[in-house]
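J.: Have a look at the structure that comes next, please.
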Amino acid sequence: MTAEDEEALVVRSLAGDQRAFGELVSTHQQVLFNVALRMLNDREDARDVTQTAFLKAWQKLHAYDRRNRFFSWIYRILLNEALNTLRRRRRLEPLDERLASPERSPEERAEANEIGGIVQEGLMELGTEHRQVIILRHFLHLSHREMANLINLPEKTVKSRLYTGRQLLGGILRRRGVRPT
Amino acid sequence: MIDDRDERLLQDELDGVASPEGSKRLRERLAQSAEVRARRQELQRVTRALDQVRMEEAPADFKEGVMAAIAAAERPSPARAGWLGNPGGASRRRPALAWAYPFLAGAVSGGLLIALVTGNLAPRARTDLPVSGAMLPGSDRGTLVDHRELRLGTARVALETRRAVDGVRVGFDLAQAPGAELTMEFDIAALQPVGLWWERPGRQQAELEAGTVRLRAMEDGRGTVLLSALRAGDALVRVRLHHAGDSLEAVLHTATVGPGR
């Protein structure tokens, strides 16, 4: 979808056209859902957070600055919602319980091609700042500049967080039995 | 020994942003240092592992859920947000109102709150007058379902029903109707009164019972009756305006979605 198409949908949505907003939902739901899923490691939480982000976007659309891309705006809404969910979760349960895998050792899981699950668990061990930039770079394939614009930070800071995040994740994966191939 | 410069060169290469000079320097360092080669291998391992995490589809009914939530929660206009949708918030902004909502909401369980109803309630011919309802304040929660205006002599009352996630909101605006009585009746199996909020508390009286809400105003006033939906369906709210010995009726739809959704 071009920026012009997206702006037209936003304008129609501002006029109360729910079908137009539905098209914005269709366009962005998968990416936003996956960001939430990787931030939260829970499909139900990710669904709730993403739906809440869309609902808030609809309700606050009059406050959206159309000089920016719609995705950038709703991404920030989503991220705030995800961080709020993580804060609530920290109060409710220890992280170790969520990460526990009682049935098999990390090495056994790695050998059983469960790398994806181990990586997700490793992401959850990172702080949210490092997790976020890794998600943006490796799952959304954004450039450093795009990431900097999206999260409103200097490009240098984004690169630094990304590099540190990869270093930390590398250590976590090594501990969890993911060997170099 | 790996220094910060090596690390930056390795990560820039990984992200495809290394300059020609940086690439040349990295090739030299890789040739010289086993540590740099090992570090590069580790970074490549991280990248390959991340590549194995697949994008997942959003749940099949995801969009449907979003659109249902949007339909149930009207977007507020910036200038009028928060009046109808958040009576508690309104009372915080205006402490003088603080008594009204909890007091009247508490009356639900107690049944009769204030019984000061007098006059002849016999209905006259029923009349529905379509109006815009624009004089009613906006809502930041709930979708407009129906609206009516009743005129009886000089008295005028505008009414609207809004569907919200927690039930139905009936907004009313009484004008030039001193001593007028406004009665709302509904099926007790479908709707239950849970509260009443006056925008401007003054010389008004209210009575909330199962199946009936009765309001009496000695001066202009507007507010909202909050009804919880006990079942799905389009429960009707029958409204009767009584003023100066005459009365007028109207029926408003609620299109309530019930507590199950």
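Residues in the structure tokens are named by chain (A, B, ... in the order shown) and by number from 1 within that chain; ligands are numbered from 1 in the order shown.
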Which residues, written as a list in words, have at least one atom at most 7 Å from segment 238-241 of chain B, with only C-alpha atoms counted and residues fewer than 6 positions away on the same chain left out?
T.: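 In the requested format, the answer is Glu181, Leu182, Thr183, Met184, Glu185, Phe186, Ser247, Leu248, Glu249, Ala250, Val251 and Leu252 of chain B.
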J.: Taking only C-alpha atoms into account, report as number ranges by chain which residues of chain B lie within 9 Å of chain A.
T.: B: 7-8, 11, 15, 41-47, 49-59, 62-63, 65-67, 69-71, 73-78, 140
J.: Using only C-alpha atoms, can you tell me which of B:Ala38, B:Ala206, B:Ala232, B:Ala177 comes closest to Glu219 of chain B?
T.: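 Of all the options, B:Ala177 lies closest to Glu219 of chain B.
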J.: Determine which residues of segment 34-160 of chain A receive a DSSP assignment of alpha helix (DSSP H), computed from the backbone, and state them as a PyMOL selection string.
T.: chain A and resi 34-40+43-59+70-92+95-99+106-111+115-125+128-138+144-151+155-160
J.: Got time to write the residues from that selection, C-alpha atoms, as a compact mmCIF listing (two decimals), in the first residue's frame?
T.:
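Saved as out.txt:
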```txt
# COMPACT_ATOMS: atom_id res chain seq x y z
CA ASN A 34 3.95 -10.51 15.27
CA VAL A 35 5.68 -7.60 16.98
CA ALA A 36 3.39 -8.08 19.97
CA LEU A 37 3.90 -11.83 19.88
CA ARG A 38 7.69 -11.50 19.90
CA MET A 39 7.56 -8.86 22.63
CA LEU A 40 5.20 -10.88 24.82
CA ARG A 43 -0.57 -15.41 21.52
CA GLU A 44 -3.53 -14.35 23.63
CA ASP A 45 -1.71 -11.40 25.13
CA ALA A 46 -0.46 -10.47 21.65
CA ARG A 47 -3.97 -10.62 20.28
CA ASP A 48 -5.35 -8.48 23.10
CA VAL A 49 -2.59 -5.92 22.81
CA THR A 50 -2.87 -5.65 19.04
CA GLN A 51 -6.64 -5.34 19.11
CA THR A 52 -6.38 -2.70 21.81
CA ALA A 53 -3.86 -0.78 19.71
CA PHE A 54 -6.24 -0.73 16.74
CA LEU A 55 -9.15 0.30 18.93
CA LYS A 56 -7.14 3.14 20.46
CA ALA A 57 -6.00 4.21 17.02
CA TRP A 58 -9.63 4.40 15.89
CA GLN A 59 -10.63 6.37 18.96
CA PHE A 70 0.15 5.49 10.03
CA PHE A 71 2.23 2.43 10.83
CA SER A 72 4.72 4.48 12.85
CA TRP A 73 1.92 5.93 14.91
CA ILE A 74 0.08 2.71 15.63
CA TYR A 75 3.37 0.92 16.27
CA ARG A 76 4.05 3.28 19.18
CA ILE A 77 0.57 2.67 20.53
CA LEU A 78 1.15 -1.07 20.26
CA LEU A 79 4.53 -0.89 21.94
CA ASN A 80 3.13 1.06 24.88
CA GLU A 81 0.38 -1.49 25.26
CA ALA A 82 2.89 -4.34 25.12
CA LEU A 83 5.12 -2.71 27.72
CA ASN A 84 2.12 -2.17 30.00
CA THR A 85 1.26 -5.84 29.66
CA LEU A 86 4.81 -6.82 30.55
CA ARG A 87 4.73 -4.60 33.62
CA ARG A 88 1.49 -6.19 34.77
CA ARG A 89 2.91 -9.64 34.06
CA ARG A 90 6.03 -8.97 36.13
CA ARG A 91 3.83 -8.27 39.08
CA LEU A 92 1.94 -11.51 38.60
CA LEU A 95 9.70 -14.87 34.38
CA ASP A 96 11.36 -18.20 35.02
CA GLU A 97 7.99 -19.91 35.18
CA ARG A 98 7.09 -18.60 31.77
CA LEU A 99 10.40 -19.71 30.35
CA PRO A 106 17.89 -26.97 25.93
CA GLU A 107 20.35 -29.19 24.08
CA GLU A 108 17.67 -31.77 23.37
CA ARG A 109 15.30 -29.08 22.18
CA ALA A 110 17.96 -27.55 19.96
CA GLU A 111 18.64 -30.92 18.40
CA ILE A 115 15.37 -23.33 17.50
CA GLY A 116 12.50 -20.95 16.89
CA GLY A 117 11.09 -21.57 20.36
CA ILE A 118 14.49 -21.26 21.99
CA VAL A 119 15.16 -17.99 20.19
CA GLN A 120 11.82 -16.64 21.36
CA GLU A 121 12.64 -17.60 24.91
CA GLY A 122 16.03 -15.99 24.51
CA LEU A 123 14.37 -12.80 23.33
CA MET A 124 12.30 -12.80 26.50
CA GLU A 125 15.49 -12.82 28.55
CA THR A 128 12.61 -4.70 26.23
CA GLU A 129 14.88 -2.09 24.62
CA HIS A 130 17.18 -4.71 23.13
CA ARG A 131 14.30 -7.04 22.28
CA GLN A 132 12.51 -4.31 20.42
CA VAL A 133 15.38 -3.43 18.11
CA ILE A 134 16.08 -7.08 17.33
CA ILE A 135 12.43 -7.58 16.41
CA LEU A 136 12.45 -4.53 14.18
CA ARG A 137 15.67 -5.50 12.45
CA HIS A 138 15.28 -9.24 12.08
CA HIS A 144 18.82 1.44 11.09
CA ARG A 145 17.33 4.72 9.92
CA GLU A 146 13.81 3.32 9.72
CA MET A 147 14.16 1.91 13.19
CA ALA A 148 15.45 5.22 14.49
CA ASN A 149 12.48 7.06 12.99
CA LEU A 150 10.03 4.53 14.31
CA ILE A 151 11.18 4.53 17.89
CA GLU A 155 20.43 6.11 14.68
CA LYS A 156 23.60 5.70 16.69
CA THR A 157 21.62 4.65 19.76
CA VAL A 158 19.60 2.19 17.73
CA LYS A 159 22.76 0.57 16.33
CA SER A 160 24.30 0.38 19.77
```
J.: Provide the atom CA of Leu9 of chain A to atom CA of Thr27 of chain A distance in Å, to one decimal place.
T.: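 Atom CA of Thr27 of chain A lies 11.0 Å from atom CA of Leu9 of chain A.
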J.: Could you tell me how far atom CA of Gly142 of chain B sits from atom CA of Gly167 of chain B, in Å to one decimal place?
T.: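 According to the coordinates, atom CA of Gly167 of chain B and atom CA of Gly142 of chain B are separated by 8.8 Å.
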J.: Between atom CA of Pro154 of chain A and atom CA of Ala3 of chain A, what is the spacing in Å?
T.: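 Between these atoms lies a distance of 23.8 Å.
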J.: Given the choices B:Asp187, B:Glu199, B:Glu21, B:Asp220, which gets closest to Asp234 of chain B if the distance is worked out from only C-alpha atoms?
T.: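 For Asp234 of chain B, the nearest of the given residues is B:Asp187.
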